[in-house]
file start_39.cif (mmCIF, C-alpha atoms)
data_query
loop_
_atom_site.label_atom_id
_atom_site.label_comp_id
_atom_site.auth_asym_id
_atom_site.auth_seq_id
_atom_site.Cartn_x
_atom_site.Cartn_y
_atom_site.Cartn_z
CA MET A 1 119.40 205.73 -186.73
CA ALA A 2 121.87 204.78 -189.44
CA ASN A 3 123.99 202.54 -187.27
CA LYS A 4 123.72 198.79 -187.65
CA PRO A 5 122.85 196.88 -184.50
CA ILE A 6 125.91 195.16 -183.02
CA LEU A 7 125.75 191.61 -181.70
CA LEU A 8 128.41 190.65 -179.15
CA ASP A 9 128.63 186.89 -179.43
CA TYR A 10 130.73 183.73 -179.22
CA TRP A 11 130.57 181.26 -182.08
CA PRO A 12 129.71 177.99 -180.23
CA SER A 13 127.18 179.57 -177.87
CA MET A 14 123.68 178.21 -178.37
CA PHE A 15 122.46 181.37 -176.62
CA GLY A 16 124.30 183.66 -179.02
CA MET A 17 122.91 181.64 -181.91
CA ARG A 18 119.37 182.46 -180.80
CA ALA A 19 120.07 186.15 -181.31
CA ARG A 20 121.56 185.46 -184.76
CA VAL A 21 118.52 183.45 -185.85
CA ALA A 22 116.13 186.11 -184.54
CA LEU A 23 117.88 188.95 -186.38
CA ARG A 24 118.07 187.00 -189.61
CA GLU A 25 114.40 186.01 -189.37
CA LYS A 26 113.59 189.70 -189.39
CA GLY A 27 116.00 190.45 -192.19
CA VAL A 28 117.99 192.82 -189.97
CA ASP A 29 121.48 193.65 -191.13
CA PHE A 30 123.74 193.46 -188.07
CA GLU A 31 127.40 193.57 -187.18
CA TYR A 32 128.65 190.36 -185.58
CA ARG A 33 131.50 190.73 -183.10
CA GLU A 34 133.29 187.70 -181.69
CA GLU A 35 134.16 188.02 -178.02
CA ASP A 36 137.29 186.55 -176.48
CA PHE A 37 136.50 185.57 -172.91
CA SER A 38 140.08 185.84 -171.80
CA ASN A 39 139.99 189.46 -172.96
CA LYS A 40 136.44 190.81 -172.87
CA SER A 41 135.82 193.93 -174.92
CA ALA A 42 135.14 197.28 -173.31
CA LEU A 43 131.76 197.33 -175.05
CA LEU A 44 130.77 194.01 -173.47
CA LEU A 45 131.83 195.05 -169.97
CA GLN A 46 130.03 198.36 -170.34
CA SER A 47 126.89 196.85 -171.88
CA ASN A 48 126.51 193.94 -169.51
CA PRO A 49 128.23 194.93 -166.29
CA VAL A 50 126.01 192.59 -164.27
CA HIS A 51 126.91 189.30 -165.94
CA LYS A 52 129.60 190.24 -168.50
CA LYS A 53 128.10 187.58 -170.78
CA ILE A 54 127.08 187.24 -174.39
CA PRO A 55 124.86 187.62 -176.29
CA VAL A 56 124.39 191.36 -176.02
CA LEU A 57 122.58 193.26 -178.73
CA VAL A 58 123.51 196.93 -178.88
CA HIS A 59 120.84 198.82 -180.79
CA ASN A 60 120.69 202.61 -181.03
CA GLY A 61 123.41 202.67 -178.39
CA LYS A 62 121.33 200.70 -175.89
CA PRO A 63 122.25 197.18 -174.73
CA VAL A 64 119.84 194.25 -174.57
CA CYS A 65 121.14 191.28 -172.55
CA GLU A 66 120.10 187.64 -172.06
CA SER A 67 119.35 185.61 -175.17
CA LEU A 68 115.58 185.21 -174.75
CA ASN A 69 115.32 188.92 -173.95
CA VAL A 70 117.18 189.65 -177.16
CA VAL A 71 114.81 187.40 -179.15
CA GLN A 72 111.74 189.11 -177.65
CA TYR A 73 113.28 192.54 -178.17
CA VAL A 74 114.00 191.77 -181.83
CA ASP A 75 110.39 190.64 -182.26
CA GLU A 76 109.06 193.84 -180.67
CA ALA A 77 111.50 196.24 -182.36
CA TRP A 78 110.86 194.81 -185.85
CA PRO A 79 107.20 193.83 -185.57
CA ASP A 80 106.26 193.90 -189.22
CA LYS A 81 108.00 190.78 -190.46
CA ASN A 82 107.77 187.12 -189.33
CA PRO A 83 106.23 187.59 -185.88
CA PHE A 84 107.67 185.11 -183.39
CA PHE A 85 104.50 184.82 -181.31
CA PRO A 86 100.86 184.10 -182.08
CA SER A 87 98.52 187.05 -181.51
CA ASP A 88 96.38 185.53 -178.74
CA PRO A 89 97.58 185.93 -175.13
CA TYR A 90 97.14 182.23 -174.30
CA GLY A 91 99.20 181.10 -177.30
CA ARG A 92 101.86 183.63 -176.30
CA SER A 93 101.88 182.36 -172.71
CA GLN A 94 102.36 178.81 -173.98
CA ALA A 95 105.31 179.92 -176.11
CA ARG A 96 106.90 181.69 -173.12
CA PHE A 97 106.37 178.67 -170.88
CA TRP A 98 108.07 176.30 -173.32
CA ALA A 99 110.99 178.63 -174.01
CA ASP A 100 111.43 178.87 -170.23
CA PHE A 101 111.38 175.05 -170.03
CA VAL A 102 114.14 174.90 -172.64
CA ASP A 103 116.09 177.51 -170.72
CA LYS A 104 115.80 175.69 -167.42
CA LYS A 105 115.29 171.91 -167.58
CA PHE A 106 116.77 171.28 -171.01
CA THR A 107 119.74 173.62 -170.63
CA GLU A 108 120.69 172.31 -167.17
CA ALA A 109 120.54 168.72 -168.39
CA GLN A 110 122.56 169.17 -171.59
CA VAL A 111 125.35 171.02 -169.83
CA LYS A 112 126.02 167.98 -167.64
CA ILE A 113 126.48 165.80 -170.70
CA TRP A 114 129.27 167.79 -172.26
CA MET A 115 130.88 169.42 -169.24
CA LYS A 116 130.84 166.50 -166.81
CA LYS A 117 131.77 162.86 -166.63
CA GLY A 118 130.98 159.86 -164.45
CA GLU A 119 127.96 160.01 -162.16
CA GLU A 120 127.16 163.63 -162.85
CA GLN A 121 127.13 162.98 -166.58
CA GLU A 122 124.92 159.91 -166.12
CA ALA A 123 122.45 161.97 -164.10
CA GLY A 124 122.54 164.61 -166.83
CA LYS A 125 121.83 161.99 -169.48
CA LYS A 126 118.70 160.80 -167.65
CA GLU A 127 117.44 164.37 -167.25
CA PHE A 128 118.27 165.15 -170.88
CA ILE A 129 116.35 162.17 -172.23
CA GLU A 130 113.40 163.06 -170.00
CA ALA A 131 113.45 166.63 -171.33
CA LEU A 132 113.71 165.38 -174.93
CA LYS A 133 110.64 163.23 -174.45
CA ILE A 134 108.67 166.11 -172.95
CA LEU A 135 109.61 168.33 -175.89
CA GLU A 136 108.86 165.54 -178.38
CA SER A 137 105.40 165.22 -176.85
CA GLU A 138 104.82 168.98 -176.98
CA LEU A 139 105.88 169.15 -180.62
CA GLY A 140 103.63 166.25 -181.58
CA ASP A 141 102.81 166.26 -185.27
CA LYS A 142 103.15 170.01 -185.73
CA PRO A 143 105.79 171.18 -188.23
CA TYR A 144 107.10 173.68 -185.66
CA PHE A 145 106.54 174.32 -181.97
CA GLY A 146 104.84 177.49 -183.13
CA GLY A 147 102.39 175.42 -185.21
CA ASP A 148 102.53 176.20 -188.90
CA SER A 149 105.12 178.91 -188.48
CA PHE A 150 108.59 178.97 -187.01
CA GLY A 151 108.47 180.96 -183.78
CA TYR A 152 109.80 181.79 -180.34
CA VAL A 153 110.04 178.25 -178.97
CA ASP A 154 111.64 177.01 -182.19
CA ILE A 155 114.25 179.77 -181.95
CA SER A 156 114.92 178.98 -178.28
CA LEU A 157 115.56 175.29 -178.99
CA ILE A 158 116.91 174.97 -182.54
CA THR A 159 120.32 176.34 -181.59
CA PHE A 160 120.95 173.26 -179.45
CA TYR A 161 120.56 171.18 -182.63
CA SER A 162 124.09 172.13 -183.61
CA TRP A 163 125.17 170.46 -180.37
CA PHE A 164 123.24 167.20 -180.88
CA GLN A 165 126.16 165.38 -182.45
CA ALA A 166 128.32 166.35 -179.46
CA TYR A 167 125.71 165.14 -176.96
CA GLU A 168 125.48 161.84 -178.84
CA LYS A 169 129.21 161.33 -179.01
CA PHE A 170 130.17 162.33 -175.46
CA GLY A 171 126.93 161.21 -173.82
CA ASN A 172 126.72 157.99 -175.74
CA ILE A 173 123.07 158.41 -176.66
CA SER A 174 121.01 158.38 -179.81
CA ILE A 175 118.79 161.43 -179.92
CA GLU A 176 116.99 160.08 -183.00
CA ALA A 177 116.04 156.93 -181.08
CA GLU A 178 114.76 158.90 -178.12
CA SER A 179 112.97 161.65 -180.03
CA PRO A 180 112.63 161.09 -183.78
CA LYS A 181 110.09 163.89 -184.31
CA LEU A 182 112.45 166.37 -182.71
CA VAL A 183 115.27 165.34 -185.05
CA ALA A 184 112.95 165.69 -188.06
CA TRP A 185 111.94 169.12 -186.74
CA GLY A 186 115.63 170.06 -186.44
CA LYS A 187 116.28 169.15 -190.05
CA ARG A 188 113.17 171.07 -191.13
CA CYS A 189 114.36 174.19 -189.30
CA MET A 190 117.84 173.86 -190.81
CA GLU A 191 116.23 174.32 -194.23
CA LYS A 192 115.58 177.92 -193.26
CA GLU A 193 118.39 180.24 -194.20
CA SER A 194 118.08 182.20 -190.95
CA VAL A 195 118.90 179.00 -189.09
CA SER A 196 121.51 177.39 -191.36
CA LYS A 197 123.48 180.63 -191.55
CA SER A 198 123.43 181.06 -187.77
CA LEU A 199 124.46 177.62 -186.55
CA PRO A 200 128.04 176.35 -186.81
CA GLU A 201 128.68 172.90 -188.27
CA SER A 202 128.12 170.08 -185.80
CA GLU A 203 131.65 168.80 -186.33
CA LYS A 204 133.07 172.11 -185.14
CA ILE A 205 131.04 171.84 -181.94
CA VAL A 206 132.25 168.27 -181.43
CA GLY A 207 135.81 169.56 -181.75
CA TYR A 208 135.08 172.37 -179.30
CA VAL A 209 133.70 169.96 -176.71
CA ALA A 210 136.57 167.50 -177.23
CA GLU A 211 139.03 170.32 -176.54
CA PHE A 212 137.08 171.41 -173.46
CA ARG A 213 136.98 167.89 -172.04
CA LYS A 214 140.67 167.34 -172.69
CA ASN A 215 141.59 170.58 -170.92
CA ASN A 216 139.13 170.38 -168.05
CA LEU A 217 138.32 166.74 -167.45
CA GLY A 218 141.61 165.24 -168.55
CA SER A 219 139.81 162.93 -170.92
CA GLU A 220 137.17 162.64 -173.62
CA MET B 1 85.06 192.43 -167.34
CA PRO B 2 82.30 190.14 -168.70
CA GLU B 3 80.25 188.30 -166.09
CA ASN B 4 81.21 184.82 -167.24
CA GLU B 5 85.00 185.19 -166.87
CA GLU B 6 86.35 182.52 -164.61
CA VAL B 7 89.69 183.27 -163.01
CA LYS B 8 91.26 181.00 -160.42
CA LEU B 9 94.65 181.31 -158.74
CA LEU B 10 96.38 178.41 -156.99
CA GLY B 11 98.84 180.01 -154.62
CA LEU B 12 100.69 180.05 -151.36
CA TRP B 13 100.39 182.84 -148.80
CA ALA B 14 104.14 182.98 -148.19
CA SER B 15 105.29 182.66 -151.79
CA PRO B 16 106.52 185.84 -153.50
CA PHE B 17 105.77 184.23 -156.86
CA SER B 18 102.15 183.78 -155.85
CA ARG B 19 101.75 187.16 -154.10
CA ARG B 20 102.88 189.10 -157.16
CA ILE B 21 100.08 187.51 -159.19
CA GLU B 22 97.55 188.59 -156.58
CA MET B 23 98.95 192.13 -156.83
CA ALA B 24 98.60 192.07 -160.62
CA LEU B 25 95.03 190.77 -160.52
CA LYS B 26 94.08 193.44 -157.99
CA LEU B 27 95.84 196.12 -160.05
CA LYS B 28 93.67 195.16 -163.01
CA GLY B 29 90.54 194.89 -160.90
CA ILE B 30 90.02 191.24 -161.83
CA LYS B 31 87.83 189.09 -159.61
CA TYR B 32 89.34 185.70 -158.90
CA ASP B 33 88.93 182.58 -156.80
CA TYR B 34 91.93 181.86 -154.63
CA VAL B 35 92.97 178.33 -153.68
CA GLU B 36 95.60 178.05 -150.95
CA GLU B 37 97.93 175.14 -151.65
CA ASN B 38 99.79 173.06 -149.13
CA LEU B 39 103.21 172.09 -150.48
CA ALA B 40 103.48 169.13 -148.14
CA ASN B 41 100.21 167.85 -149.52
CA LYS B 42 99.70 169.15 -153.04
CA SER B 43 96.16 169.10 -154.30
CA SER B 44 95.24 166.81 -157.14
CA LEU B 45 94.17 169.96 -159.01
CA LEU B 46 97.68 171.41 -158.79
CA LEU B 47 99.30 168.16 -159.89
CA ALA B 48 96.88 167.88 -162.81
CA LEU B 49 97.44 171.47 -163.94
CA ASN B 50 101.19 171.60 -163.46
CA PRO B 51 102.53 168.07 -163.87
CA ILE B 52 105.96 169.20 -165.06
CA HIS B 53 106.95 171.58 -162.28
CA LYS B 54 104.26 170.87 -159.61
CA LYS B 55 104.58 174.45 -158.41
CA VAL B 56 102.47 177.49 -157.63
CA PRO B 57 101.33 179.93 -158.82
CA VAL B 58 98.95 178.49 -161.36
CA LEU B 59 96.42 180.73 -163.07
CA VAL B 60 93.33 179.22 -164.62
CA HIS B 61 91.38 181.52 -166.93
CA ASN B 62 88.22 180.21 -168.56
CA GLY B 63 89.60 176.68 -168.36
CA LYS B 64 93.05 177.56 -169.72
CA THR B 65 96.10 177.02 -167.52
CA ILE B 66 99.00 179.45 -167.32
CA LEU B 67 102.18 178.60 -165.39
CA GLU B 68 105.33 180.41 -164.22
CA SER B 69 104.94 183.79 -162.52
CA HIS B 70 106.61 185.92 -165.22
CA VAL B 71 104.57 184.20 -167.91
CA ILE B 72 101.38 184.72 -165.88
CA LEU B 73 102.15 188.43 -165.38
CA GLU B 74 102.64 188.95 -169.11
CA TYR B 75 99.47 186.95 -169.82
CA ILE B 76 97.45 189.09 -167.42
CA ASP B 77 98.87 192.24 -168.98
CA GLU B 78 97.98 191.14 -172.52
CA THR B 79 94.53 189.78 -171.68
CA TRP B 80 93.46 192.82 -169.65
CA PRO B 81 95.36 195.72 -171.26
CA HIS B 82 94.05 198.54 -169.01
CA ASN B 83 96.42 199.68 -166.20
CA PRO B 84 99.45 198.30 -168.09
CA ILE B 85 102.08 196.45 -166.08
CA LEU B 86 104.87 196.18 -168.64
CA PRO B 87 106.37 199.29 -170.28
CA GLN B 88 105.38 199.97 -173.91
CA ASP B 89 108.87 200.57 -175.27
CA PRO B 90 110.75 197.37 -176.37
CA TYR B 91 114.01 198.47 -174.74
CA GLU B 92 112.35 199.29 -171.41
CA ARG B 93 110.53 195.95 -171.58
CA SER B 94 113.80 194.11 -172.11
CA LYS B 95 115.29 195.88 -169.08
CA ALA B 96 112.30 194.98 -166.91
CA ARG B 97 112.57 191.33 -167.96
CA PHE B 98 116.33 191.34 -167.39
CA PHE B 99 116.05 192.65 -163.85
CA ALA B 100 113.10 190.37 -163.07
CA LYS B 101 115.27 187.39 -163.95
CA LEU B 102 118.18 188.77 -161.89
CA ILE B 103 115.90 189.06 -158.88
CA ASP B 104 114.25 185.67 -159.12
CA GLU B 105 117.41 183.79 -160.00
CA GLN B 106 120.60 185.37 -158.68
CA ILE B 107 119.26 187.50 -155.86
CA MET B 108 117.02 184.74 -154.59
CA LYS B 109 119.81 182.17 -154.80
CA VAL B 110 122.41 184.32 -153.07
CA GLY B 111 119.97 185.94 -150.69
CA PHE B 112 118.12 182.87 -149.61
CA ILE B 113 119.16 179.43 -150.85
CA SER B 114 122.92 179.82 -150.48
CA MET B 115 122.47 181.80 -147.30
CA ALA B 116 120.35 179.07 -145.74
CA ARG B 117 123.17 176.60 -146.26
CA ALA B 118 126.02 178.87 -145.15
CA ASP B 119 127.59 179.41 -141.75
CA GLU B 120 127.89 182.87 -140.20
CA LYS B 121 131.02 183.86 -142.08
CA GLY B 122 129.60 182.53 -145.35
CA ARG B 123 126.47 184.58 -144.78
CA GLU B 124 128.46 187.78 -144.48
CA VAL B 125 130.08 187.06 -147.84
CA LEU B 126 126.71 186.29 -149.42
CA ALA B 127 125.19 189.43 -147.90
CA GLU B 128 127.87 191.45 -149.65
CA GLU B 129 127.08 189.67 -152.94
CA ALA B 130 123.38 190.40 -152.44
CA ARG B 131 124.20 194.07 -151.80
CA GLU B 132 126.14 194.26 -155.07
CA LEU B 133 123.16 192.86 -156.96
CA ILE B 134 120.59 195.06 -155.21
CA MET B 135 122.79 198.07 -156.02
CA TYR B 136 121.85 197.61 -159.69
CA LEU B 137 118.22 198.02 -158.67
CA GLU B 138 119.13 201.00 -156.49
CA LYS B 139 120.56 202.74 -159.56
CA GLU B 140 117.42 202.00 -161.60
CA LEU B 141 115.27 203.77 -159.02
CA VAL B 142 117.04 207.14 -159.16
CA GLY B 143 114.54 209.83 -160.11
CA LYS B 144 111.58 207.41 -160.08
CA ASP B 145 108.78 206.69 -157.65
CA TYR B 146 108.64 203.10 -158.83
CA PHE B 147 110.54 200.93 -161.33
CA GLY B 148 107.52 201.49 -163.54
CA GLY B 149 107.98 205.26 -163.31
CA LYS B 150 105.02 207.06 -161.84
CA SER B 151 103.05 203.91 -161.19
CA VAL B 152 103.63 200.33 -160.10
CA GLY B 153 104.69 198.00 -162.89
CA PHE B 154 106.05 194.53 -163.69
CA LEU B 155 109.40 195.01 -162.01
CA ASP B 156 107.82 196.57 -158.91
CA LEU B 157 105.63 193.49 -158.50
CA VAL B 158 108.54 191.08 -158.99
CA ALA B 159 111.05 192.99 -156.88
CA GLY B 160 108.55 194.03 -154.22
CA SER B 161 107.19 190.54 -153.63
CA MET B 162 110.67 189.04 -153.56
CA ILE B 163 112.96 191.45 -151.76
CA PRO B 164 111.30 193.66 -149.13
CA PHE B 165 108.32 191.35 -148.58
CA CYS B 166 110.13 188.03 -148.59
CA LEU B 167 113.95 188.04 -148.49
CA GLU B 168 114.10 190.86 -145.92
CA ARG B 169 111.92 188.72 -143.68
CA SER B 170 114.31 185.79 -143.93
CA TRP B 171 117.25 188.12 -143.22
CA GLU B 172 115.41 189.43 -140.19
CA GLY B 173 114.91 185.85 -139.03
CA ILE B 174 118.61 185.07 -139.16
CA GLY B 175 119.59 188.44 -137.71
CA LEU B 176 121.35 189.75 -140.79
CA GLU B 177 121.17 193.37 -141.95
CA VAL B 178 121.66 193.36 -145.69
CA THR B 179 120.18 196.67 -146.84
CA THR B 180 120.66 199.92 -144.94
CA GLU B 181 119.15 203.39 -145.32
CA GLU B 182 122.65 204.74 -145.74
CA LYS B 183 123.68 202.53 -148.64
CA PHE B 184 120.26 202.04 -150.26
CA PRO B 185 118.28 205.28 -149.88
CA GLU B 186 116.39 204.87 -153.18
CA TYR B 187 115.48 201.27 -152.38
CA LYS B 188 114.18 202.26 -148.93
CA ARG B 189 112.20 205.14 -150.41
CA TRP B 190 110.71 202.79 -153.00
CA ILE B 191 109.58 200.35 -150.29
CA LYS B 192 107.75 203.19 -148.53
CA ASN B 193 106.10 204.13 -151.85
CA LEU B 194 105.03 200.52 -152.40
CA GLU B 195 103.56 200.21 -148.94
CA GLU B 196 101.32 203.18 -149.70
CA VAL B 197 99.74 201.44 -152.69
CA GLU B 198 96.62 199.68 -151.49
CA ILE B 199 96.74 196.73 -153.87
CA VAL B 200 100.34 196.02 -152.91
CA ARG B 201 99.75 196.48 -149.21
CA ASP B 202 96.83 194.05 -149.31
CA CYS B 203 99.12 191.37 -150.71
CA ILE B 204 102.02 191.63 -148.28
CA PRO B 205 102.24 188.48 -146.14
CA PRO B 206 101.82 189.22 -142.40
CA ARG B 207 105.28 189.98 -141.06
CA GLU B 208 105.72 187.91 -137.89
CA LYS B 209 104.13 184.83 -139.36
CA HIS B 210 106.26 185.28 -142.49
CA VAL B 211 109.53 185.66 -140.56
CA GLU B 212 108.72 182.44 -138.71
CA HIS B 213 107.80 180.70 -141.95
CA MET B 214 111.05 181.80 -143.66
CA ASN B 215 113.00 180.43 -140.67
CA ASN B 216 111.28 177.07 -141.09
CA VAL B 217 112.03 177.00 -144.80
CA THR B 218 115.67 177.93 -144.06
CA GLN B 219 115.89 174.92 -141.71
CA ARG B 220 114.43 172.66 -144.38
CA VAL B 221 116.88 173.91 -147.01
CA ARG B 222 119.77 173.48 -144.56
CA SER B 223 118.91 169.88 -143.84
CA SER B 224 118.24 168.91 -147.46
#

call {"tool": "encode", "arguments": {"input": "start_39.cif", "output": "structure tokens"}}
result
Amino acid sequence: MANKPILLDYWPSMFGMRARVALREKGVDFEYREEDFSNKSALLLQSNPVHKKIPVLVHNGKPVCESLNVVQYVDEAWPDKNPFFPSDPYGRSQARFWADFVDKKFTEAQVKIWMKKGEEQEAGKKEFIEALKILESELGDKPYFGGDSFGYVDISLITFYSWFQAYEKFGNISIEAESPKLVAWGKRCMEKESVSKSLPESEKIVGYVAEFRKNNLGSE
Amino acid sequence: MPENEEVKLLGLWASPFSRRIEMALKLKGIKYDYVEENLANKSSLLLALNPIHKKVPVLVHNGKTILESHVILEYIDETWPHNPILPQDPYERSKARFFAKLIDEQIMKVGFISMARADEKGREVLAEEARELIMYLEKELVGKDYFGGKSVGFLDLVAGSMIPFCLERSWEGIGLEVTTEEKFPEYKRWIKNLEEVEIVRDCIPPREKHVEHMNNVTQRVRSS
């Protein structure tokens, strides 16, 4: 099929970023389309009628929804370059478990830091730091979560790195102090073009969160 | 399967997450040791193997631990590739994973957790939300015997263990009719197909006991 895959996305979304990183890792030329949530495109509504959310990858006319699904799909549809998973089933199960951990515990915690204030935010901070420490321990001294090569778990987590500055500012925490290996890992991943091209600048995310908090929480 | 394979499953008779693993193991003809857990008194083995989530199911294969039901299902499929559970095609696989998540997250939340906490009027609203979600599954079943096509697959195990053989029992317990033959003919037909598959049938929790159990869990959720 001559048509380029289309990625329906939203620039600050750490979930959308996962799809971008995955496609770039495989060297896939894709068309990026920015969605406006106040005016969702017909393609988005048609492709993801269940959730109406991004990212959606439309490939050969068929939609793939949910960021981790998109990452796995990209790995399976373009298997010849940069595999995201190790070949042994146990290694693969470990990668899936940790990506699921990022998607559940880590995601739920970080959202409280930037979207909430007061007690809820404090609770989120505690959960976030706990999750950071668990991830720090899992990473250990490996260059990547995938071991020697950048893989599925790295892709699932690295996109949050663009949000670290925002968590630090609005959550009043030092991620480097809590998890130095994770920060070093983040910098290492950012050296990859597939990552640096896919993540927005941290300052832009800080601005985005500041705007959100002003409009929704009445304060920073 | 080689003689020295050691497979152990830590599970719970009433848990759909645990039952679906039993179905998968039976589908693949894998012999396993089953350990029934007690959530009120978790075994030291469970806490050692799953310190982060402290949940079942837990699969132990030759000393290696695998957690989370979807992860376990994919592990089983990759380790024992005969009688495949997941589709081969990447797009079909992504759809199966998408719906599996919809079932275990949204449908379970709306159909059980939120419902447990709601009053009668709230339950009617949630039942309608559950119907909307199950309708997506209804559409997937058109022209198929199972979600997996001609044979039981990943989504059949996830959906089967969760909806007809778990959520329906809790709905029965609270006297709520969520799915009807009239609105969900494909879904009802699929349940009948599932019940005819021996390995699925063997893993369906006994109905009366399960209805009672789901009522107890509903009470616990309500008072938490």

call {"tool": "resolve_selection", "arguments": {"input": "start_39.cif", "expression": "the PyMOL selection byres ((chain B) within 8 of (chain A))", "output": "PyMOL selection string"}}
result
chain B and resi 64+66-68+71-72+74-75+78-79+90-91+93-95+97-98+133+136

call {"tool": "residues_near_point", "arguments": {"input": "start_39.cif", "point": "(110.1, 203.5, -159.2)", "cutoff": "10 Å", "atoms": "all atoms listed in the file", "output": "list in words"}}
result
Leu137, Glu138, Glu140, Leu141, Val142, Gly143, Lys144, Asp145, Tyr146, Phe147, Gly148, Gly149, Lys150, Ser151, Val152, Gly153, Leu155, Asp156, Glu186, Tyr187, Arg189, Trp190, Ile191, Asn193 and Leu194 of chain B

call {"tool": "resolve_selection", "arguments": {"input": "start_39.cif", "expression": "the PyMOL selection byres ((chain B and resi 167) around 10)", "output": "JSON, numbers by chain"}}
result
{"B": [16, 107, 108, 111, 112, 160, 161, 162, 163, 164, 165, 166, 168, 169, 170, 171, 172, 173, 178, 211, 214]}

call {"tool": "resolve_selection", "arguments": {"input": "start_39.cif", "expression": "the PyMOL selection byres ((chain A and resi 116) around 12)", "output": "PyMOL selection string"}}
result
chain A and resi 108-115+117-125+167+170-171+209-210+212-214+216-220

call {"tool": "atom_distance", "arguments": {"input": "start_39.cif", "atom1": "atom CA of Tyr208 of chain A", "atom2": "atom CA of Ala184 of chain A"}}
result
24.7 Å

call {"tool": "residues_around", "arguments": {"input": "start_39.cif", "residues": "segment 122-130 of chain B", "least_positions_apart": "3", "cutoff": "9 Å", "atoms": "all atoms listed in the file", "output": "list of chain:residue names"}}
result
B:Gln106, B:Ile107, B:Met108, B:Val110, B:Gly111, B:Ser114, B:Met115, B:Ala116, B:Arg117, B:Ala118, B:Asp119, B:Leu133, B:Ile134, B:Met135, B:Leu176, B:Glu177, B:Val178, B:Thr179

call {"tool": "closest_residue", "arguments": {"input": "start_39.cif", "among": "A:Gly207, A:Gly151, A:Pro79, A:Pro55", "to": "Ser67 of chain A", "atoms": "all atoms listed in the file"}}
result
A:Pro55

call {"tool": "atom_distance", "arguments": {"input": "start_39.cif", "atom1": "atom CA of Glu34 of chain A", "atom2": "atom CA of Ala99 of chain A"}}
result
25.3 Å

call {"tool": "residues_around", "arguments": {"input": "start_39.cif", "residues": "segment 180-183 of chain A", "least_positions_apart": "5", "cutoff": "9 Å", "atoms": "only C-alpha atoms", "output": "PyMOL selection string"}}
result
chain A and resi 132+135-137+139-141+161+175+188

call {"tool": "write_last_selection", "arguments": {"input": "start_39.cif", "atoms": "C-alpha atoms", "output": "PDB file, in the frame of the given file"}}
result
ATOM      1  CA  LEU A 132     113.710 165.380-174.930  1.00  0.00           C
ATOM      2  CA  LEU A 135     109.610 168.330-175.890  1.00  0.00           C
ATOM      3  CA  GLU A 136     108.860 165.540-178.380  1.00  0.00           C
ATOM      4  CA  SER A 137     105.400 165.220-176.850  1.00  0.00           C
ATOM      5  CA  LEU A 139     105.880 169.150-180.620  1.00  0.00           C
ATOM      6  CA  GLY A 140     103.630 166.250-181.580  1.00  0.00           C
ATOM      7  CA  ASP A 141     102.810 166.260-185.270  1.00  0.00           C
ATOM      8  CA  TYR A 161     120.560 171.180-182.630  1.00  0.00           C
ATOM      9  CA  ILE A 175     118.790 161.430-179.920  1.00  0.00           C
ATOM     10  CA  ARG A 188     113.170 171.070-191.130  1.00  0.00           C
TER      11      ARG A 188
END

call {"tool": "closest_atom_pairs", "arguments": {"input": "start_39.cif", "of": "segment 115-176 of chain A", "to": "segment 193-197 of chain A", "cutoff": "12 Å", "atoms": "only C-alpha atoms", "output": "Markdown table"}}
result
| residue | atom | partner | partner_atom | distance |
| --- | --- | --- | --- | --- |
| A:Phe150 | CA | A:Val195 | CA | 10.5 |
| A:Gly151 | CA | A:Val195 | CA | 11.9 |
| A:Asp154 | CA | A:Val195 | CA | 10.2 |
| A:Ile155 | CA | A:Val195 | CA | 8.6 |
| A:Ser156 | CA | A:Val195 | CA | 11.5 |
| A:Leu157 | CA | A:Val195 | CA | 11.3 |
| A:Ile158 | CA | A:Val195 | CA | 7.9 |
| A:Thr159 | CA | A:Val195 | CA | 8.1 |
| A:Phe160 | CA | A:Val195 | CA | 11.4 |
| A:Tyr161 | CA | A:Val195 | CA | 10.3 |
| A:Ser162 | CA | A:Ser196 | CA | 9.7 |

call {"tool": "atom_distance", "arguments": {"input": "start_39.cif", "atom1": "atom CA of Trp13 of chain B", "atom2": "atom CA of Pro51 of chain B"}}
result
21.2 Å

call {"tool": "build_atoms", "arguments": {"input": "start_39.cif", "residues": "segment 134-138 of chain A", "atoms": "N, CA, C and O atoms", "output": "mmCIF file, keeping the file's coordinate frame"}}
result
data_model
loop_
_atom_site.group_PDB
_atom_site.id
_atom_site.type_symbol
_atom_site.label_atom_id
_atom_site.label_comp_id
_atom_site.auth_asym_id
_atom_site.auth_seq_id
_atom_site.Cartn_x
_atom_site.Cartn_y
_atom_site.Cartn_z
ATOM 1 N N ILE A 134 109.697 165.110 -173.226
ATOM 2 C CA ILE A 134 108.670 166.110 -172.950
ATOM 3 C C ILE A 134 108.518 167.037 -174.154
ATOM 4 O O ILE A 134 107.403 167.372 -174.573
ATOM 5 N N LEU A 135 109.653 167.437 -174.721
ATOM 6 C CA LEU A 135 109.610 168.330 -175.890
ATOM 7 C C LEU A 135 109.023 167.613 -177.098
ATOM 8 O O LEU A 135 108.262 168.190 -177.866
ATOM 9 N N GLU A 136 109.390 166.356 -177.277
ATOM 10 C CA GLU A 136 108.860 165.540 -178.380
ATOM 11 C C GLU A 136 107.340 165.491 -178.291
ATOM 12 O O GLU A 136 106.637 165.652 -179.296
ATOM 13 N N SER A 137 106.846 165.298 -177.066
ATOM 14 C CA SER A 137 105.400 165.220 -176.850
ATOM 15 C C SER A 137 104.730 166.563 -177.137
ATOM 16 O O SER A 137 103.652 166.623 -177.727
ATOM 17 N N GLU A 138 105.381 167.651 -176.750
ATOM 18 C CA GLU A 138 104.820 168.980 -176.980
ATOM 19 C C GLU A 138 104.789 169.311 -178.473
ATOM 20 O O GLU A 138 103.851 169.914 -178.975
#
